[in-house]
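Chemist: Just so it is clear, I am handing over start_4.txt, which has compact mmCIF, C-alpha atoms.
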# COMPACT_ATOMS: atom_id res chain seq x y z
CA MET G 1282 105.55 64.80 85.20
CA PRO G 1283 105.95 64.69 88.98
CA LEU G 1284 103.12 66.14 91.02
CA LEU G 1285 103.76 69.41 92.84
CA PRO G 1286 103.66 69.41 96.66
CA VAL G 1287 100.33 70.68 97.95
CA ARG G 1288 100.45 70.46 101.74
CA GLY G 1289 102.21 73.78 102.31
CA VAL G 1290 99.83 75.90 100.23
CA ALA G 1291 96.88 74.01 101.73
CA ILE G 1292 97.97 74.94 105.25
CA PHE G 1293 98.40 78.55 104.12
CA ALA G 1294 94.86 78.55 102.73
CA VAL G 1295 93.36 76.99 105.85
CA VAL G 1296 95.14 79.42 108.18
CA ALA G 1297 93.97 82.35 106.06
CA LEU G 1298 90.38 81.06 106.15
CA VAL G 1299 90.54 80.63 109.92
CA CYS G 1300 91.85 84.18 110.36
CA ASP G 1301 89.13 85.48 108.05
CA SER G 1302 86.50 83.63 110.06
CA LEU G 1303 87.80 84.95 113.36
CA MET G 1304 87.73 88.45 111.91
CA GLY G 1305 84.15 87.79 110.82
CA ILE G 1306 83.19 86.85 114.36
CA VAL G 1307 84.75 90.07 115.66
CA ALA G 1308 82.88 92.03 112.99
CA ALA G 1309 79.59 90.37 113.99
CA VAL G 1310 80.12 91.38 117.61
CA ILE G 1311 80.86 94.94 116.50
CA ASP G 1312 77.74 94.89 114.31
CA LEU G 1313 75.55 94.01 117.28
CA TRP G 1314 77.27 96.55 119.53
CA TYR G 1315 76.89 99.30 116.95
CA ALA G 1316 73.23 98.40 116.34
CA SER G 1317 72.64 98.70 120.09
CA LEU G 1318 74.30 102.11 120.07
CA VAL G 1319 72.07 103.22 117.21
CA ASP G 1320 69.01 101.93 119.11
CA ARG G 1321 69.93 104.19 122.02
CA MET G 1322 70.24 107.13 119.65
CA ILE G 1323 66.81 106.35 118.19
CA ALA G 1324 65.27 106.27 121.67
CA ASP G 1325 66.93 109.51 122.78
CA VAL G 1326 69.82 110.95 120.82
CA ASP G 1327 70.63 113.42 123.58
CA SER G 1328 71.27 110.56 126.00
CA VAL G 1329 74.25 109.33 123.97
CA PRO G 1330 77.44 111.39 124.41
CA GLU G 1331 78.94 112.70 121.18
CA ALA G 1332 82.28 111.13 122.08
CA GLU G 1333 80.62 107.69 122.24
CA ILE G 1334 78.98 108.24 118.87
CA ASN G 1335 82.30 109.21 117.31
CA THR G 1336 83.99 106.19 118.88
CA GLY G 1337 81.26 103.92 117.54
CA ASP G 1338 81.62 105.29 114.03
CA LEU G 1339 85.41 104.93 114.18
CA VAL G 1340 85.38 101.35 115.47
CA TYR G 1341 82.70 100.34 112.97
CA GLY G 1342 84.60 101.84 110.05
CA LEU G 1343 87.99 100.42 111.06
CA SER G 1344 86.54 96.96 111.54
CA GLY G 1345 85.25 97.05 107.97
CA ILE G 1346 88.67 98.04 106.63
CA LEU G 1347 90.47 95.34 108.62
CA GLU G 1348 87.86 92.78 107.59
CA THR G 1349 88.44 93.62 103.93
CA ILE G 1350 92.23 93.28 104.26
CA VAL G 1351 91.98 89.86 105.92
CA TYR G 1352 89.45 88.75 103.31
CA VAL G 1353 91.77 89.73 100.44
CA VAL G 1354 94.55 87.66 102.02
CA ALA G 1355 92.16 84.70 102.25
CA ILE G 1356 91.28 85.14 98.56
CA VAL G 1357 94.96 85.07 97.58
CA ALA G 1358 95.65 82.02 99.73
CA PHE G 1359 92.70 80.08 98.32
CA LEU G 1360 93.65 80.91 94.72
CA VAL G 1361 97.28 79.89 95.29
CA TRP G 1362 96.05 76.53 96.54
CA LEU G 1363 93.51 76.23 93.71
CA PHE G 1364 96.12 76.85 91.00
CA ARG G 1365 98.46 74.29 92.58
CA VAL G 1366 95.89 71.50 92.82
CA ARG G 1367 94.60 72.30 89.33
CA ALA G 1368 98.13 71.92 87.94
CA ASN G 1369 98.39 68.50 89.58
CA ALA G 1370 94.90 67.54 88.40
CA GLU G 1371 95.89 68.30 84.80
CA ILE G 1372 98.80 65.86 85.18
CA LEU G 1373 96.53 63.20 86.67
CA ALA G 1374 93.73 63.70 84.13
CA PRO G 1375 94.88 65.85 81.19
CA GLY G 1376 91.53 65.76 79.39
CA GLY G 1377 89.23 65.84 82.37
CA HIS G 1378 88.70 69.58 82.81
CA ARG G 1379 85.78 71.52 81.39
CA ARG G 1380 87.22 75.02 81.94
CA GLY G 1381 90.56 76.53 81.00
CA GLN G 1382 92.99 77.93 83.56
CA PRO G 1383 91.93 81.59 83.13
CA TRP G 1384 88.54 80.65 84.55
CA LEU G 1385 90.21 79.82 87.87
CA ILE G 1386 90.10 83.59 88.41
CA PHE G 1387 87.50 84.93 85.99
CA GLY G 1388 85.00 82.25 86.91
CA TRP G 1389 84.48 83.89 90.31
CA VAL G 1390 83.82 87.41 89.01
CA VAL G 1391 82.14 87.11 85.59
CA PRO G 1392 78.37 87.56 86.06
CA ILE G 1393 76.04 84.60 85.56
CA VAL G 1394 78.76 81.98 84.95
CA SER G 1395 80.10 82.63 88.46
CA PHE G 1396 77.12 80.61 89.71
CA TRP G 1397 78.57 77.34 88.40
CA PHE G 1398 82.00 77.68 86.73
CA PRO G 1399 84.04 77.60 89.98
CA LYS G 1400 82.08 74.57 91.19
CA GLN G 1401 82.77 72.76 87.90
CA ILE G 1402 86.47 73.54 88.22
CA VAL G 1403 86.66 72.18 91.77
CA ASP G 1404 84.56 69.13 90.86
CA ASP G 1405 86.91 68.30 87.98
CA ILE G 1406 89.94 68.66 90.26
CA TRP G 1407 88.31 66.33 92.78
CA SER G 1408 87.42 63.76 90.12
CA ALA G 1409 91.00 63.79 88.83
CA SER G 1410 92.50 63.59 92.32
CA ALA G 1411 90.29 60.96 93.94
CA ARG G 1412 91.56 57.40 93.77
CA VAL G 1413 88.08 55.96 93.13
CA PRO G 1414 85.75 56.44 90.16
CA SER G 1415 82.79 58.78 90.65
CA PRO G 1416 83.89 60.01 94.11
CA PRO G 1417 81.16 61.36 96.43
CA ARG G 1418 80.54 65.10 96.19
CA GLY G 1419 78.19 65.75 99.11
CA LEU G 1420 80.72 67.98 100.89
CA PHE G 1421 81.43 69.89 97.68
CA ASN G 1422 77.73 70.45 96.97
CA ALA G 1423 77.11 71.64 100.53
CA TRP G 1424 80.08 74.02 100.35
CA TRP G 1425 78.92 75.54 97.08
CA ALA G 1426 75.32 75.97 98.25
CA ALA G 1427 76.48 77.65 101.46
CA TRP G 1428 78.84 79.86 99.47
CA LEU G 1429 76.15 81.03 97.04
CA ILE G 1430 73.59 81.76 99.76
CA GLY G 1431 76.12 83.39 102.07
CA THR G 1432 77.52 85.58 99.30
CA TRP G 1433 74.06 86.75 98.28
CA VAL G 1434 73.07 87.62 101.86
CA ALA G 1435 76.38 89.36 102.51
CA ASN G 1436 76.04 91.44 99.35
CA VAL G 1437 72.49 92.44 100.26
CA ALA G 1438 73.70 93.44 103.73
CA GLY G 1439 76.44 95.55 102.17
CA ARG G 1440 73.93 97.39 99.97
CA LEU G 1441 71.66 98.01 102.95
CA LEU G 1442 74.54 99.45 104.95
CA PHE G 1443 75.60 101.65 102.05
CA LYS G 1444 72.10 102.99 101.41
CA ALA G 1445 71.10 103.48 105.06
CA ASP G 1446 70.62 107.21 105.61
CA GLU G 1447 68.42 106.98 108.69
CA LEU G 1448 69.08 105.46 112.08
CA GLU G 1449 66.45 102.72 111.89
CA PRO G 1450 67.64 101.27 108.56
CA LEU G 1451 71.24 101.52 109.78
CA ALA G 1452 70.53 99.41 112.86
CA ALA G 1453 68.57 96.87 110.80
CA ALA G 1454 71.36 96.64 108.21
CA ALA G 1455 73.99 96.08 110.90
CA ARG G 1456 71.98 93.18 112.31
CA PHE G 1457 71.35 91.71 108.86
CA ASP G 1458 75.09 91.80 108.28
CA VAL G 1459 75.44 89.32 111.15
CA VAL G 1460 73.27 86.85 109.20
CA GLY G 1461 75.59 87.13 106.20
CA ILE G 1462 78.66 86.63 108.37
CA ALA G 1463 77.15 83.50 109.96
CA LEU G 1464 76.41 81.98 106.56
CA MET G 1465 79.89 82.78 105.28
CA LEU G 1466 81.36 81.10 108.36
CA ILE G 1467 79.48 77.92 107.45
CA ALA G 1468 80.77 78.16 103.88
CA ALA G 1469 84.31 78.67 105.16
CA VAL G 1470 84.18 75.60 107.41
CA LEU G 1471 82.99 73.51 104.46
CA ALA G 1472 85.70 75.07 102.26
CA ILE G 1473 88.33 73.82 104.69
CA GLY G 1474 86.87 70.34 104.30
CA VAL G 1475 87.13 70.66 100.52
CA ILE G 1476 90.76 71.77 100.78
CA ARG G 1477 91.60 68.85 103.07
CA LYS G 1478 89.99 66.19 100.87
CA ILE G 1479 91.63 67.31 97.62
CA THR G 1480 94.99 67.89 99.28
CA GLU G 1481 95.02 64.50 100.98
CA ALA G 1482 94.06 62.78 97.72
CA GLN G 1483 96.86 64.46 95.78
CA GLU G 1484 99.41 63.80 98.52
CA GLU G 1485 98.47 60.12 98.36
CA HIS G 1486 99.22 60.18 94.63
CA ARG G 1487 102.61 61.78 95.33
CA SER G 1488 103.42 59.23 98.04
CA ALA G 1489 102.43 56.35 95.78
CA ALA G 1490 104.58 57.71 92.95
CA ALA G 1491 107.54 57.98 95.32
CA GLY G 1492 106.92 54.54 96.82
CA LEU G 1493 106.28 56.02 100.28
CA PRO G 1494 103.44 55.24 102.69
CA SER G 1495 100.66 57.81 102.47
CA ALA G 1496 100.08 60.20 105.34
CA GLY G 1497 97.14 62.43 106.07
CA MET G 1498 97.55 66.17 105.81
CA PRO G 1499 98.34 67.61 109.28
CA LEU G 1500 95.76 70.35 109.18
CA GLY G 1501 94.14 71.18 112.49
CA GLY G 1502 90.39 71.37 112.82
CA MET G 1503 88.42 74.61 112.99
CA ALA G 1504 88.09 76.36 116.29
CA PRO G 1505 84.45 76.75 117.35
CA GLY G 1506 82.84 79.48 115.32
CA ALA G 1507 85.80 79.83 113.04
CA PRO G 1508 86.57 78.76 108.12
CA GLY G 1509 85.55 79.46 106.33
CA GLY G 1510 85.70 79.72 105.80
CA MET G 1511 84.39 80.94 104.45
CA ALA G 1512 83.74 80.86 103.53
CA PRO G 1513 82.97 83.20 101.66
CA GLY G 1514 82.54 81.92 100.24
CA ALA G 1515 85.01 82.65 99.59
CA PRO G 1516 85.52 80.84 97.36
CA GLY G 1517 85.08 80.97 99.33
CA GLY G 1518 85.22 82.31 101.68
CA MET G 1519 85.98 81.00 101.53
CA ALA G 1520 86.35 81.28 98.75
CA PRO G 1521 86.76 84.43 96.74
CA GLY G 1522 84.21 86.45 94.91
CA GLY G 1523 82.03 87.67 97.77
CA GLY G 1524 82.52 87.72 101.49
CA TYR G 1525 81.57 90.09 104.21
CA PRO G 1526 80.64 93.61 103.08
CA GLY G 1527 82.92 96.37 104.20
CA HIS G 1528 81.44 98.61 106.83
Take the structure in the file and write it out as structure tokens.
Modeler:
Amino acid sequence: MPLLPVRGVAIFAVVALVCDSLMGIVAAVIDLWYASLVDRMIADVDSVPEAEINTGDLVYGLSGILETIVYVVAIVAFLVWLFRVRANAEILAPGGHRRGQPWLIFGWVVPIVSFWFPKQIVDDIWSASARVPSPPRGLFNAWWAAWLIGTWVANVAGRLLFKADELEPLAAAARFDVVGIALMLIAAVLAIGVIRKITEAQEEHRSAAAGLPSAGMPLGGMAPGAPGGMAPGAPGGMAPGGGYPGH
């Protein structure tokens, strides 16, 4: 069976991860600004005009909603790419996959197994796609470690924000959210590297099958601070299954 083209969905996934990362940077700036506003209220609530407090609450809430929307788009884009490269990997190595196709989605959300099933799926795709035996997985290991740590921190930050009923915990939670965003950005940058490597490997297979010279995938690099990407992980964030907590 001929391999499916991958470059288009890969570009879609990378652009979505970049947009998600840029939105994360904006959210981090808003986090710090809102924490500063809360600090002023803690020092002297009467010194902060009510209109400024209402504006702060509105901006903080809207940024969380917009962040969630962009993150969902990044999830969809990453999964579209993942399903495409998995389909090609099954053609290249029909018996080389430890998890069935339903786990491409459920593996990210089912408790416990979500810690390693997605990584196994991506590893098997990479092994099937690479043109050398036992290809190096340093980038893949770094991406998955960053994704797991970033997702955990982001989830903790989300719980802190949700439970904060006093000004001091609210300011602390907003600042802790910045830590989660930074980690997810690292995961997203690494996720883009994962997408590039698998995509380029599969496009080389397609070029070889068609008798054409191979060409690298024209995906631009990440802007400073931008994905993940993440992630994510998100995957990724990204990669899916975690990401920045909604405000």
Chemist: Taking into account all atoms listed in the file, which residue in the set G:Leu1284, G:Ala1309, G:Ile1346, G:Ala1370 is nearest to Gly1461 in chain G?
Modeler: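 So, comparing all the options, the nearest one is G:Ala1309.
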Chemist: Name the closest residue to Leu1471 in chain G among the candidates G:Phe1421, G:Trp1384, G:Tyr1315, G:Tyr1352; distances are taken between atoms, counting only C-alpha atoms.
Modeler: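 Of G:Phe1421, G:Trp1384, G:Tyr1315, G:Tyr1352, the one nearest Leu1471 in chain G is G:Phe1421, counting only C-alpha atoms.
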Chemist: Quick one, how far is CA of Arg1379 in chain G from CA of Val1403 in chain G?
Modeler: 10.4 Å
Chemist: Hey, could you make a per-residue contact list for range 1306-1418 of chain G against range 1430-1437 of chain G with 12 Å as the cut-off, showing the nearest pair of atoms and its distance in Å to one decimal, counting all atoms listed in the file, sorted by chain and number, as a Markdown table?
Modeler:
| residue | atom | partner | partner_atom | distance |
| --- | --- | --- | --- | --- |
| G:Ala1309 | CA | G:Ala1435 | CA | 12.0 |
| G:Trp1389 | CA | G:Thr1432 | CA | 11.5 |
| G:Ser1395 | CA | G:Thr1432 | CA | 11.5 |
| G:Phe1396 | CA | G:Ile1430 | CA | 10.7 |
Chemist: Could you jot down the CA of Ala1472 in chain G to CA of Gly1305 in chain G separation for me, Å, one decimal place?
Modeler: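 Atom-to-atom, CA of Ala1472 in chain G and CA of Gly1305 in chain G are spaced 15.4 Å apart.
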Chemist: So which one's closest to Met1322 in chain G, G:Val1307, G:Glu1447, G:Gly1377, G:Ala1463? Using only C-alpha atoms, please.
Modeler: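 That would be G:Glu1447, the residue with the smallest distance to Met1322 in chain G.
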Chemist: Give me the residues within 9 Å of Val1459 in chain G as number ranges by chain, counting all atoms listed in the file and dropping any in the same chain fewer than 3 places off.
Modeler: G: 1305-1306, 1308-1310, 1312-1313, 1435, 1438, 1454-1456, 1462-1464
Chemist: My list of candidates is G:Val1475, G:Leu1442, G:Ala1452, G:Leu1298. Which is closest to Asn1422 in chain G when distances are computed with only C-alpha atoms?
Modeler: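 Closest to Asn1422 in chain G of all the choices is G:Val1475.
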Chemist: Taking all listed atoms of range 1422-1435 of chain G, build the axis-aligned box, pad each of the six sides by 8 Å, then write its centre and edge lengths in Å to one decimal as JSON.
Modeler:
{"center_x": 76.6, "center_y": 79.9, "center_z": 99.7, "size_x": 23.0, "size_y": 34.9, "size_z": 21.5}
Chemist: I'd like the contact shell of Phe1364 in chain G - 9 Å cut-off, all atoms listed in the file, skipping same-chain residues fewer than 4 positions apart - returned as a short mmCIF file (atom, residue, chain, number, x, y, z; two decimals) with C-alpha atoms, in the coordinates of the input.
Modeler:
data_model
loop_
_atom_site.label_atom_id
_atom_site.label_comp_id
_atom_site.auth_asym_id
_atom_site.auth_seq_id
_atom_site.Cartn_x
_atom_site.Cartn_y
_atom_site.Cartn_z
CA PHE G 1359 92.70 80.08 98.32
CA LEU G 1360 93.65 80.91 94.72
CA ALA G 1368 98.13 71.92 87.94
CA ASN G 1369 98.39 68.50 89.58
CA GLN G 1382 92.99 77.93 83.56
CA LEU G 1385 90.21 79.82 87.87
#
Chemist: May I ask which of the residues G:Trp1425, G:Trp1407, G:Trp1397, G:Trp1362 is the closest one to Val1295 in chain G, counting all atoms listed in the file?
Modeler: G:Trp1362
Chemist: Between G:Ala1324, G:Ala1490, G:Ala1291, G:Val1296, which one has atoms that come closest to Arg1365 in chain G, using all atoms listed in the file?
Modeler: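 Distance minimum relative to Arg1365 in chain G lands on G:Ala1291.
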Chemist: Provide the CA of Ala1468 in chain G to CA of Trp1424 in chain G distance in Å, to one decimal place.
Modeler: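 Spanning CA of Ala1468 in chain G to CA of Trp1424 in chain G is a straight-line distance of 5.5 Å.
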Chemist: Counting all atoms listed in the file, what is within 7 Å of Ala1355 in chain G, bar same-chain residues fewer than 2 positions away, as a PyMOL selection string?
Modeler: chain G and resi 1294+1297-1298+1301+1351-1353+1357-1359
Chemist: So which residues touch Glu1331 in chain G within 12 Å, counting all atoms listed in the file, skipping near sequence neighbours fewer than 5 positions away, as number ranges by chain?
Modeler: G: 1318, 1322, 1326, 1336-1338
Chemist: Give me, as a PyMOL selection string, all polymer residues having an atom no more than 12 Å from Pro1417 in chain G, counting all atoms listed in the file and skipping those fewer than 2 positions away in the same chain.
Modeler: chain G and resi 1404+1407-1408+1411-1415+1419-1423+1475+1478
